[in-house]
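Just query03.pdb here, PDB, C-alpha atoms:
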```
ATOM      1  CA  MET Q   1      83.083  30.570  26.810
ATOM      2  CA  ALA Q   2      81.478  34.030  26.935
ATOM      3  CA  ARG Q   3      79.793  33.369  23.595
ATOM      4  CA  ASN Q   4      78.351  30.088  24.891
ATOM      5  CA  ARG Q   5      76.894  31.848  27.933
ATOM      6  CA  ILE Q   6      75.187  34.426  25.716
ATOM      7  CA  ASP Q   7      73.760  31.682  23.517
ATOM      8  CA  ARG Q   8      72.390  29.895  26.569
ATOM      9  CA  ARG Q   9      70.733  33.048  27.844
ATOM     10  CA  THR Q  10      69.104  33.613  24.458
ATOM     11  CA  LEU Q  11      67.969  29.992  24.351
ATOM     12  CA  LEU Q  12      66.461  30.138  27.822
ATOM     13  CA  ARG Q  13      64.580  33.343  27.183
ATOM     14  CA  GLY Q  14      63.181  31.875  24.005
ATOM     15  CA  LEU Q  15      62.154  28.749  25.870
ATOM     16  CA  ALA Q  16      60.455  30.797  28.564
ATOM     17  CA  GLY Q  17      58.261  32.501  26.002
ATOM     18  CA  SER Q  18      55.486  34.902  26.806
ATOM     19  CA  THR Q  19      53.352  34.696  29.898
ATOM     20  CA  VAL Q  20      49.646  34.032  29.912
ATOM     21  CA  ALA Q  21      47.611  36.712  31.637
ATOM     22  CA  VAL Q  22      45.368  35.218  34.303
ATOM     23  CA  SER Q  23      43.358  37.434  36.591
ATOM     24  CA  ALA Q  24      43.507  36.873  40.316
ATOM     25  CA  ALA Q  25      39.769  36.170  40.398
ATOM     26  CA  SER Q  26      40.160  33.314  37.922
ATOM     27  CA  LEU Q  27      42.581  31.422  40.162
ATOM     28  CA  ALA Q  28      41.244  28.377  41.950
ATOM     29  CA  GLY Q  29      38.905  29.542  44.660
ATOM     30  CA  GLY Q  30      39.202  33.241  43.764
ATOM     31  CA  LEU Q  31      40.207  35.833  46.338
ATOM     32  CA  PRO Q  32      38.727  35.531  49.813
ATOM     33  CA  ALA Q  33      36.035  37.945  50.884
ATOM     34  CA  GLY Q  34      37.501  41.225  52.027
ATOM     35  CA  ALA Q  35      40.853  40.806  50.271
ATOM     36  CA  ASP Q  36      42.115  44.085  48.806
ATOM     37  CA  GLN Q  37      42.994  43.465  45.173
ATOM     38  CA  GLY Q  38      44.580  46.875  44.880
ATOM     39  CA  GLY Q  39      47.692  46.147  46.894
ATOM     40  CA  GLN Q  40      46.799  45.021  50.422
ATOM     41  CA  GLY Q  41      46.057  41.632  51.954
ATOM     42  CA  HIS Q  42      48.824  39.778  50.162
ATOM     43  CA  LEU Q  43      48.096  36.071  50.147
ATOM     44  CA  ILE Q  44      51.785  35.349  49.586
ATOM     45  CA  PRO Q  45      54.122  37.937  51.116
ATOM     46  CA  ARG Q  46      56.286  40.050  48.844
ATOM     47  CA  GLY Q  47      59.663  38.550  48.056
ATOM     48  CA  HIS Q  48      58.673  35.037  49.103
ATOM     49  CA  PRO Q  49      57.866  33.167  45.850
ATOM     50  CA  GLY Q  50      60.517  30.536  45.237
ATOM     51  CA  ILE Q  51      60.900  27.462  43.053
ATOM     52  CA  GLN Q  52      61.765  23.801  43.551
ATOM     53  CA  LEU Q  53      64.457  23.238  40.937
ATOM     54  CA  TYR Q  54      63.068  19.794  40.079
ATOM     55  CA  SER Q  55      60.488  21.754  38.081
ATOM     56  CA  VAL Q  56      63.204  22.859  35.630
ATOM     57  CA  ARG Q  57      65.475  19.838  35.898
ATOM     58  CA  ASP Q  58      65.541  19.386  32.118
ATOM     59  CA  LYS Q  59      66.990  22.868  31.615
ATOM     60  CA  ILE Q  60      69.573  22.431  34.373
ATOM     61  CA  ALA Q  61      70.719  19.220  32.692
ATOM     62  CA  GLN Q  62      70.860  20.950  29.288
ATOM     63  CA  VAL Q  63      72.467  24.308  30.074
ATOM     64  CA  GLY Q  64      73.517  24.230  33.726
ATOM     65  CA  PHE Q  65      72.846  26.141  36.914
ATOM     66  CA  ALA Q  66      74.388  29.410  35.713
ATOM     67  CA  ALA Q  67      72.006  29.984  32.823
ATOM     68  CA  VAL Q  68      68.964  28.683  34.685
ATOM     69  CA  PHE Q  69      69.651  30.829  37.754
ATOM     70  CA  GLU Q  70      69.984  33.886  35.539
ATOM     71  CA  GLU Q  71      66.631  33.166  33.921
ATOM     72  CA  LEU Q  72      64.864  32.438  37.216
ATOM     73  CA  SER Q  73      66.189  35.701  38.639
ATOM     74  CA  ARG Q  74      64.944  37.582  35.587
ATOM     75  CA  ILE Q  75      61.493  36.058  36.031
ATOM     76  CA  GLY Q  76      61.438  37.288  39.626
ATOM     77  CA  TYR Q  77      62.172  34.244  41.754
ATOM     78  CA  ARG Q  78      64.360  34.970  44.747
ATOM     79  CA  GLU Q  79      64.606  31.550  46.418
ATOM     80  CA  VAL Q  80      65.356  28.082  45.124
ATOM     81  CA  GLU Q  81      65.075  24.633  46.623
ATOM     82  CA  PHE Q  82      67.564  22.095  45.336
ATOM     83  CA  ALA Q  83      66.799  18.612  44.037
ATOM     84  CA  GLY Q  84      70.399  17.568  43.661
ATOM     85  CA  TYR Q  85      73.681  19.343  43.045
ATOM     86  CA  THR Q  86      74.560  18.088  39.546
ATOM     87  CA  GLN Q  87      73.959  19.647  36.137
ATOM     88  CA  GLY Q  88      73.929  16.793  33.653
ATOM     89  CA  SER Q  89      76.189  17.022  30.618
ATOM     90  CA  VAL Q  90      77.243  20.575  31.467
ATOM     91  CA  GLY Q  91      79.883  19.197  33.813
ATOM     92  CA  ALA Q  92      80.862  18.914  37.435
ATOM     93  CA  ILE Q  93      80.242  21.781  39.806
ATOM     94  CA  THR Q  94      81.123  22.242  43.474
ATOM     95  CA  PRO Q  95      78.863  23.540  46.247
ATOM     96  CA  GLU Q  96      81.136  26.587  46.476
ATOM     97  CA  GLN Q  97      80.616  27.313  42.783
ATOM     98  CA  ILE Q  98      76.863  26.866  43.124
ATOM     99  CA  ARG Q  99      76.843  29.312  46.047
ATOM    100  CA  GLN Q 100      78.694  31.878  43.931
ATOM    101  CA  LEU Q 101      76.094  31.506  41.172
ATOM    102  CA  LEU Q 102      73.306  32.011  43.692
ATOM    103  CA  ASP Q 103      74.948  35.177  44.984
ATOM    104  CA  ASP Q 104      75.632  36.451  41.473
ATOM    105  CA  ASN Q 105      71.951  36.169  40.590
ATOM    106  CA  GLY Q 106      70.440  37.476  43.811
ATOM    107  CA  LEU Q 107      69.089  34.065  44.779
ATOM    108  CA  LYS Q 108      68.969  32.309  48.125
ATOM    109  CA  ALA Q 109      68.792  28.592  48.825
ATOM    110  CA  ALA Q 110      65.650  27.822  50.806
ATOM    111  CA  GLY Q 111      66.322  24.100  51.219
ATOM    112  CA  SER Q 112      67.193  20.876  49.452
ATOM    113  CA  HIS Q 113      65.619  17.480  48.875
ATOM    114  CA  ARG Q 114      67.966  14.637  49.732
ATOM    115  CA  GLY Q 115      67.451  10.921  50.152
ATOM    116  CA  LEU Q 116      67.052   9.101  53.440
ATOM    117  CA  ASN Q 117      70.161   7.098  52.632
ATOM    118  CA  ASP Q 118      72.088  10.340  52.084
ATOM    119  CA  PHE Q 119      71.388  11.226  55.698
ATOM    120  CA  ARG Q 120      72.130   7.700  56.896
ATOM    121  CA  ARG Q 121      75.462   7.436  55.077
ATOM    122  CA  ASN Q 122      76.861  10.957  55.003
ATOM    123  CA  LEU Q 123      74.925  13.266  57.291
ATOM    124  CA  GLU Q 124      77.791  15.607  58.145
ATOM    125  CA  TRP Q 125      78.645  16.128  54.466
ATOM    126  CA  GLU Q 126      74.999  16.941  53.725
ATOM    127  CA  LEU Q 127      75.018  19.507  56.525
ATOM    128  CA  ASP Q 128      78.329  20.910  55.267
ATOM    129  CA  VAL Q 129      76.817  21.481  51.821
ATOM    130  CA  ALA Q 130      73.741  23.096  53.331
ATOM    131  CA  GLU Q 131      75.969  25.513  55.238
ATOM    132  CA  THR Q 132      78.018  26.287  52.129
ATOM    133  CA  LEU Q 133      74.889  27.055  50.127
ATOM    134  CA  GLY Q 134      73.552  29.236  52.918
ATOM    135  CA  MET Q 135      70.276  27.361  53.224
ATOM    136  CA  PRO Q 136      68.387  27.463  56.527
ATOM    137  CA  ALA Q 137      66.905  23.976  56.111
ATOM    138  CA  ILE Q 138      67.544  20.624  54.474
ATOM    139  CA  GLY Q 139      65.024  17.869  53.933
ATOM    140  CA  THR Q 140      63.767  14.867  52.064
ATOM    141  CA  ALA Q 141      60.839  14.166  49.771
ATOM    142  CA  GLU Q 142      60.816  10.500  50.745
ATOM    143  CA  ALA Q 143      58.188   9.065  53.055
ATOM    144  CA  PRO Q 144      59.617   8.531  56.552
ATOM    145  CA  THR Q 145      59.556   4.784  55.904
ATOM    146  CA  GLY Q 146      57.939   2.192  53.685
ATOM    147  CA  ASN Q 147      56.938   0.262  56.798
ATOM    148  CA  ARG Q 148      53.511   1.755  57.492
ATOM    149  CA  THR Q 149      53.060   0.140  60.901
ATOM    150  CA  ILE Q 150      53.213   1.807  64.297
ATOM    151  CA  ALA Q 151      56.602   0.213  64.939
ATOM    152  CA  GLY Q 152      57.833   1.268  61.511
ATOM    153  CA  TYR Q 153      56.981   4.893  62.176
ATOM    154  CA  GLN Q 154      58.464   4.741  65.664
ATOM    155  CA  ALA Q 155      61.783   3.630  64.164
ATOM    156  CA  ALA Q 156      61.584   6.285  61.440
ATOM    157  CA  ALA Q 157      60.824   9.023  63.969
ATOM    158  CA  ALA Q 158      63.872   8.017  65.993
ATOM    159  CA  GLU Q 159      66.033   8.448  62.886
ATOM    160  CA  PHE Q 160      64.544  11.842  62.067
ATOM    161  CA  ASN Q 161      64.952  13.013  65.653
ATOM    162  CA  ALA Q 162      68.649  12.109  65.574
ATOM    163  CA  TRP Q 163      69.222  13.760  62.193
ATOM    164  CA  GLY Q 164      67.223  16.789  63.267
ATOM    165  CA  GLU Q 165      69.215  17.190  66.454
ATOM    166  CA  ALA Q 166      72.447  17.107  64.431
ATOM    167  CA  ALA Q 167      71.030  19.688  61.994
ATOM    168  CA  THR Q 168      69.871  21.926  64.833
ATOM    169  CA  ALA Q 169      73.374  21.841  66.319
ATOM    170  CA  ARG Q 170      74.572  23.327  63.018
ATOM    171  CA  GLY Q 171      71.852  26.015  62.974
ATOM    172  CA  LEU Q 172      69.750  24.166  60.376
ATOM    173  CA  LYS Q 173      66.248  22.727  60.245
ATOM    174  CA  LEU Q 174      65.550  19.204  59.018
ATOM    175  CA  TYR Q 175      62.228  18.713  57.212
ATOM    176  CA  GLN Q 176      60.130  16.019  55.555
ATOM    177  CA  HIS Q 177      58.031  16.686  52.435
ATOM    178  CA  ASN Q 178      54.768  14.779  52.040
ATOM    179  CA  HIS Q 179      53.109  12.920  49.233
ATOM    180  CA  THR Q 180      49.656  11.403  49.708
ATOM    181  CA  ILE Q 181      50.810   8.145  51.281
ATOM    182  CA  GLU Q 182      51.767   9.827  54.552
ATOM    183  CA  PHE Q 183      48.088  10.625  55.104
ATOM    184  CA  SER Q 184      47.081   6.971  54.930
ATOM    185  CA  PHE Q 185      46.519   4.834  58.010
ATOM    186  CA  ALA Q 186      48.791   2.424  59.842
ATOM    187  CA  THR Q 187      48.389  -1.058  58.467
ATOM    188  CA  ASP Q 188      48.188  -2.496  61.996
ATOM    189  CA  ARG Q 189      46.067   0.351  63.405
ATOM    190  CA  PRO Q 190      43.532   1.544  60.807
ATOM    191  CA  ASP Q 191      42.358   4.237  63.226
ATOM    192  CA  VAL Q 192      45.792   5.934  63.286
ATOM    193  CA  ARG Q 193      46.691   8.349  60.483
ATOM    194  CA  LEU Q 194      50.408   8.135  59.759
ATOM    195  CA  TYR Q 195      50.867  11.903  59.383
ATOM    196  CA  ASP Q 196      49.413  12.414  62.852
ATOM    197  CA  LEU Q 197      51.703   9.716  64.183
ATOM    198  CA  PHE Q 198      54.798  11.301  62.635
ATOM    199  CA  LEU Q 199      53.918  14.675  64.136
ATOM    200  CA  GLU Q 200      53.428  13.075  67.525
ATOM    201  CA  LEU Q 201      56.579  10.954  67.512
ATOM    202  CA  THR Q 202      59.032  13.530  66.165
ATOM    203  CA  ASP Q 203      60.528  16.173  68.411
ATOM    204  CA  PRO Q 204      59.203  19.636  67.446
ATOM    205  CA  ARG Q 205      62.581  21.109  68.366
ATOM    206  CA  TYR Q 206      64.344  19.055  65.714
ATOM    207  CA  VAL Q 207      61.956  17.885  62.988
ATOM    208  CA  TYR Q 208      59.917  20.105  60.653
ATOM    209  CA  LEU Q 209      57.611  19.549  57.709
ATOM    210  CA  GLU Q 210      57.266  20.981  54.236
ATOM    211  CA  MET Q 211      53.635  20.739  53.193
ATOM    212  CA  ASP Q 212      53.152  19.943  49.532
ATOM    213  CA  ILE Q 213      49.732  21.531  49.254
ATOM    214  CA  LEU Q 214      48.625  19.536  46.215
ATOM    215  CA  TRP Q 215      49.557  16.186  47.693
ATOM    216  CA  ALA Q 216      47.991  17.182  51.017
ATOM    217  CA  TYR Q 217      44.729  17.760  49.148
ATOM    218  CA  GLY Q 218      45.353  14.474  47.348
ATOM    219  CA  GLY Q 219      45.642  12.764  50.699
ATOM    220  CA  ALA Q 220      42.388  14.347  51.854
ATOM    221  CA  ARG Q 221      40.683  13.059  48.705
ATOM    222  CA  LYS Q 222      42.199   9.588  48.957
ATOM    223  CA  TYR Q 223      42.083   9.205  52.749
ATOM    224  CA  PRO Q 224      39.342  11.630  53.876
ATOM    225  CA  GLY Q 225      38.921  13.075  57.325
ATOM    226  CA  TYR Q 226      41.093  16.208  57.564
ATOM    227  CA  ARG Q 227      41.728  19.641  56.071
ATOM    228  CA  PRO Q 228      45.334  20.451  55.081
ATOM    229  CA  VAL Q 229      45.292  23.989  56.478
ATOM    230  CA  ASP Q 230      44.273  22.733  59.911
ATOM    231  CA  TYR Q 231      47.597  20.905  60.288
ATOM    232  CA  VAL Q 232      49.533  24.097  59.644
ATOM    233  CA  ASN Q 233      47.398  26.253  61.905
ATOM    234  CA  ALA Q 234      47.724  23.704  64.711
ATOM    235  CA  HIS Q 235      51.540  23.523  64.329
ATOM    236  CA  PRO Q 236      52.640  26.714  62.517
ATOM    237  CA  HIS Q 237      56.194  26.574  63.838
ATOM    238  CA  ARG Q 238      56.668  23.120  62.311
ATOM    239  CA  PHE Q 239      55.877  24.121  58.707
ATOM    240  CA  PRO Q 240      58.608  26.494  57.489
ATOM    241  CA  LEU Q 241      58.067  25.713  53.790
ATOM    242  CA  PHE Q 242      55.245  24.995  51.349
ATOM    243  CA  HIS Q 243      55.197  23.516  47.888
ATOM    244  CA  VAL Q 244      52.643  25.597  46.027
ATOM    245  CA  LYS Q 245      51.615  23.049  43.430
ATOM    246  CA  ASP Q 246      48.347  23.009  41.485
ATOM    247  CA  GLY Q 247      46.507  20.040  40.025
ATOM    248  CA  VAL Q 248      43.411  18.476  38.540
ATOM    249  CA  PRO Q 249      41.741  15.380  40.004
ATOM    250  CA  LEU Q 250      42.407  12.012  38.457
ATOM    251  CA  PRO Q 251      39.235  10.073  37.540
ATOM    252  CA  ASN Q 252      39.967   7.467  40.207
ATOM    253  CA  PRO Q 253      40.634   9.120  43.600
ATOM    254  CA  GLN Q 254      42.734   6.101  44.638
ATOM    255  CA  GLN Q 255      45.094   6.432  41.686
ATOM    256  CA  GLY Q 256      48.606   7.667  42.461
ATOM    257  CA  ASN Q 257      48.574  10.920  44.425
ATOM    258  CA  SER Q 258      44.899  11.406  43.416
ATOM    259  CA  TYR Q 259      45.704  14.519  41.332
ATOM    260  CA  LEU Q 260      47.726  15.298  38.220
ATOM    261  CA  ASP Q 261      49.882  18.359  38.770
ATOM    262  CA  VAL Q 262      49.586  21.279  36.345
ATOM    263  CA  GLU Q 263      50.795  24.864  36.131
ATOM    264  CA  PHE Q 264      49.827  27.101  39.002
ATOM    265  CA  GLY Q 265      46.399  28.610  38.371
ATOM    266  CA  ALA Q 266      45.421  25.964  35.821
ATOM    267  CA  GLY Q 267      44.104  23.490  38.386
ATOM    268  CA  VAL Q 268      41.365  23.298  40.998
ATOM    269  CA  ILE Q 269      43.232  23.535  44.314
ATOM    270  CA  PRO Q 270      41.585  26.332  46.382
ATOM    271  CA  PHE Q 271      44.742  28.290  47.172
ATOM    272  CA  ALA Q 272      42.896  31.495  48.020
ATOM    273  CA  GLU Q 273      40.851  29.608  50.593
ATOM    274  CA  PHE Q 274      43.946  27.856  51.954
ATOM    275  CA  PHE Q 275      46.073  30.984  52.218
ATOM    276  CA  GLY Q 276      43.125  33.051  53.388
ATOM    277  CA  GLU Q 277      42.725  30.774  56.416
ATOM    278  CA  LEU Q 278      46.430  30.434  57.090
ATOM    279  CA  LYS Q 279      47.621  32.073  60.282
ATOM    280  CA  GLY Q 280      50.935  33.905  60.334
ATOM    281  CA  ARG Q 281      51.603  33.819  56.579
ATOM    282  CA  GLY Q 282      54.865  35.759  56.891
ATOM    283  CA  ARG Q 283      56.593  32.886  58.670
ATOM    284  CA  PHE Q 284      56.507  30.542  55.683
ATOM    285  CA  GLU Q 285      58.385  30.139  52.414
ATOM    286  CA  PHE Q 286      56.325  29.468  49.288
ATOM    287  CA  LEU Q 287      57.972  27.340  46.590
ATOM    288  CA  TRP Q 288      56.309  26.685  43.253
ATOM    289  CA  GLU Q 289      56.719  23.187  41.869
ATOM    290  CA  GLN Q 290      55.468  21.114  38.979
ATOM    291  CA  ASP Q 291      56.515  17.477  38.984
ATOM    292  CA  SER Q 292      55.253  16.478  35.541
ATOM    293  CA  ALA Q 293      57.907  15.518  33.015
ATOM    294  CA  PRO Q 294      58.977  18.905  31.627
ATOM    295  CA  GLY Q 295      59.685  17.498  28.175
ATOM    296  CA  ALA Q 296      56.062  16.426  27.800
ATOM    297  CA  GLN Q 297      53.990  18.695  29.993
ATOM    298  CA  PRO Q 298      53.416  21.559  29.861
ATOM    299  CA  ASN Q 299      53.513  22.042  26.091
ATOM    300  CA  PRO Q 300      56.156  24.350  24.577
ATOM    301  CA  PRO Q 301      57.722  26.666  25.636
ATOM    302  CA  GLY Q 302      58.440  24.043  28.279
ATOM    303  CA  SER Q 303      59.387  24.033  31.925
ATOM    304  CA  LEU Q 304      60.779  27.571  32.097
ATOM    305  CA  GLY Q 305      57.651  28.852  30.395
ATOM    306  CA  ALA Q 306      55.598  27.103  33.055
ATOM    307  CA  ALA Q 307      57.860  28.615  35.714
ATOM    308  CA  GLU Q 308      57.291  32.118  34.344
ATOM    309  CA  ARG Q 309      53.539  31.800  33.912
ATOM    310  CA  SER Q 310      53.209  30.260  37.369
ATOM    311  CA  TYR Q 311      55.287  33.038  38.920
ATOM    312  CA  GLN Q 312      53.035  35.683  37.389
ATOM    313  CA  ARG Q 313      49.958  33.923  38.750
ATOM    314  CA  LEU Q 314      51.564  33.700  42.186
ATOM    315  CA  VAL Q 315      52.119  37.453  42.028
ATOM    316  CA  GLU Q 316      48.498  37.987  41.089
ATOM    317  CA  LEU Q 317      47.326  35.741  43.910
ATOM    318  CA  ARG Q 318      49.237  37.983  46.271
ATOM    319  CA  GLY Q 319      46.894  40.779  45.267
ATOM    320  CA  ASP Q 320      49.632  43.400  45.019
ATOM    321  CA  ARG Q 321      49.196  44.402  41.387
TER     322      ARG Q 321
END
```

Turn this file's structure into structure tokens for me.
Amino acid sequence: MARNRIDRRTLLRGLAGSTVAVSAASLAGGLPAGADQGGQGHLIPRGHPGIQLYSVRDKIAQVGFAAVFEELSRIGYREVEFAGYTQGSVGAITPEQIRQLLDDNGLKAAGSHRGLNDFRRNLEWELDVAETLGMPAIGTAEAPTGNRTIAGYQAAAAEFNAWGEAATARGLKLYQHNHTIEFSFATDRPDVRLYDLFLELTDPRYVYLEMDILWAYGGARKYPGYRPVDYVNAHPHRFPLFHVKDGVPLPNPQQGNSYLDVEFGAGVIPFAEFFGELKGRGRFEFLWEQDSAPGAQPNPPGSLGAAERSYQRLVELRGDR
């Protein structure tokens, strides 16, 4: 068993490969005027870069949480967001065992993406797991509902309010993670943006949001009329987490989420502008993510290589080097 663990570590480090040096000024948007590149004016606070584990799902399935957590800790990540609690062919693992692996590697659980039906069918178990893992929040990456009418969103908001109240009673926050579709308009009220409606209908005491920055920009490209940062500045207490995801525009703005996601720093999303305008940066958690199939994109050394290069670019964006 010990020999297998060593082999996995060696494999993962080989897969991570070397990082690509990218200067802070070459990142999308550059540094904002007046930012101190010598160590002040951090755009992302020290100790805050985390990772959505979906970005390295192929490695978790191949070698398990233990080896992946060790590698992520070596890279410098300190927080992880779960995308499930299984590890493929490596074998079954309990939430208690996952928590021990987090502690062993100096990692904290920032949150978890679960399905709407998970909350509908087994809410208390989901909250139990969240407590075991020590995460402050639990959420979903699903749209509130597929029924994009006013009535559909009213019903969805009622569900989220109930789940959020139950989470709050356990000392947890419930959150919803956006794609572009949430920024579209109600099918029966084309003057009502669904994201605005969800904010209005959900109770700010119980329901929070995780802004996926790339898909928020995708929504602005596909359904124009807003700036992503303005939502956060208007409701800072409702956005405890961000997905810091970069991308390049698809030729057709109406295609998919309007952007193809790429490694952080390799796309066109103006992160320096976004973070430079953000009020109260220290209140948020910043989680890197890349959705693209890790076996195909990025090219070798694969998803852990992308995770390492993206982490280094996040550090450079902070301006503390």

Which residues of region 133-245 of chain Q have any atom within 10 Å of an atom in region 72-82 of chain Q when counting only C-alpha atoms, and what is the closest pair of atoms for each, with the distance in Å to one decimal? Order the rows by chain and rising number and write it as CSV.
```
residue,atom,partner,partner_atom,distance
Q:Met135,CA,Q:Glu81,CA,8.8
Q:Ala137,CA,Q:Glu81,CA,9.7
Q:Ile138,CA,Q:Glu81,CA,9.2
Q:Gly139,CA,Q:Phe82,CA,9.9
```

Please expand the PyMOL selection byres ((chain Q and resi 257) around 8) into the concrete residues it hits in this file, giving the result as a compact mmCIF listing (two decimals) with C-alpha atoms, keeping the file's coordinate frame.
```txt
# COMPACT_ATOMS: atom_id res chain seq x y z
CA HIS Q 179 53.11 12.92 49.23
CA THR Q 180 49.66 11.40 49.71
CA ILE Q 181 50.81 8.14 51.28
CA TRP Q 215 49.56 16.19 47.69
CA GLY Q 218 45.35 14.47 47.35
CA GLY Q 219 45.64 12.76 50.70
CA LYS Q 222 42.20 9.59 48.96
CA GLN Q 254 42.73 6.10 44.64
CA GLN Q 255 45.09 6.43 41.69
CA GLY Q 256 48.61 7.67 42.46
CA SER Q 258 44.90 11.41 43.42
CA TYR Q 259 45.70 14.52 41.33
CA LEU Q 260 47.73 15.30 38.22
```

(message) Would you compute the distance between CA of Asp212 (chain Q) and CA of Asn233 (chain Q)? Give it in Å to one decimal.
(response) 15.0 Å

(request) Would you list the contacts of Glu142 (chain Q) as a list in words, taking every protein, DNA or RNA residue within 8 Å and counting only C-alpha atoms, but skipping same-chain residues closer than 4 positions in sequence? (result) Gly115, Leu116, Gln176, His177 and Asn178 of chain Q

(request) Any chance you could resolve the PyMOL selection byres ((chain Q and resi 186) around 12) against this file and give the residues as JSON, numbers by chain? (result) {"Q": [145, 146, 147, 148, 149, 150, 151, 152, 153, 154, 181, 182, 183, 184, 185, 187, 188, 189, 190, 191, 192, 193, 194, 195, 196, 197, 198, 223]}

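The space separating CA of Ala67 (chain Q) from CA of Leu102 (chain Q) comes to 11.1 Å.
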
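Interatomic distance, CA of Leu172 (chain Q) against CA of Glu131 (chain Q): 8.2 Å.
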
(message) Report as an MDAnalysis selection string all protein, DNA and RNA residues lying within 12 Å of Leu127 (chain Q), evaluated on all atoms listed in the file, omitting residues in the same chain fewer than 4 positions from it.
(response) chainID Q and resid 95 111:112 114 118:119 122:123 131:139 163:174

Can I get the selection written as a PDB file, in the coordinates of the input, with C-alpha atoms?
```
ATOM      1  CA  PRO Q  95      78.863  23.540  46.247  1.00  0.00           C
ATOM      2  CA  GLY Q 111      66.322  24.100  51.219  1.00  0.00           C
ATOM      3  CA  SER Q 112      67.193  20.876  49.452  1.00  0.00           C
ATOM      4  CA  ARG Q 114      67.966  14.637  49.732  1.00  0.00           C
ATOM      5  CA  ASP Q 118      72.088  10.340  52.084  1.00  0.00           C
ATOM      6  CA  PHE Q 119      71.388  11.226  55.698  1.00  0.00           C
ATOM      7  CA  ASN Q 122      76.861  10.957  55.003  1.00  0.00           C
ATOM      8  CA  LEU Q 123      74.925  13.266  57.291  1.00  0.00           C
ATOM      9  CA  GLU Q 131      75.969  25.513  55.238  1.00  0.00           C
ATOM     10  CA  THR Q 132      78.018  26.287  52.129  1.00  0.00           C
ATOM     11  CA  LEU Q 133      74.889  27.055  50.127  1.00  0.00           C
ATOM     12  CA  GLY Q 134      73.552  29.236  52.918  1.00  0.00           C
ATOM     13  CA  MET Q 135      70.276  27.361  53.224  1.00  0.00           C
ATOM     14  CA  PRO Q 136      68.387  27.463  56.527  1.00  0.00           C
ATOM     15  CA  ALA Q 137      66.905  23.976  56.111  1.00  0.00           C
ATOM     16  CA  ILE Q 138      67.544  20.624  54.474  1.00  0.00           C
ATOM     17  CA  GLY Q 139      65.024  17.869  53.933  1.00  0.00           C
ATOM     18  CA  TRP Q 163      69.222  13.760  62.193  1.00  0.00           C
ATOM     19  CA  GLY Q 164      67.223  16.789  63.267  1.00  0.00           C
ATOM     20  CA  GLU Q 165      69.215  17.190  66.454  1.00  0.00           C
ATOM     21  CA  ALA Q 166      72.447  17.107  64.431  1.00  0.00           C
ATOM     22  CA  ALA Q 167      71.030  19.688  61.994  1.00  0.00           C
ATOM     23  CA  THR Q 168      69.871  21.926  64.833  1.00  0.00           C
ATOM     24  CA  ALA Q 169      73.374  21.841  66.319  1.00  0.00           C
ATOM     25  CA  ARG Q 170      74.572  23.327  63.018  1.00  0.00           C
ATOM     26  CA  GLY Q 171      71.852  26.015  62.974  1.00  0.00           C
ATOM     27  CA  LEU Q 172      69.750  24.166  60.376  1.00  0.00           C
ATOM     28  CA  LYS Q 173      66.248  22.727  60.245  1.00  0.00           C
ATOM     29  CA  LEU Q 174      65.550  19.204  59.018  1.00  0.00           C
TER      30      LEU Q 174
END
```
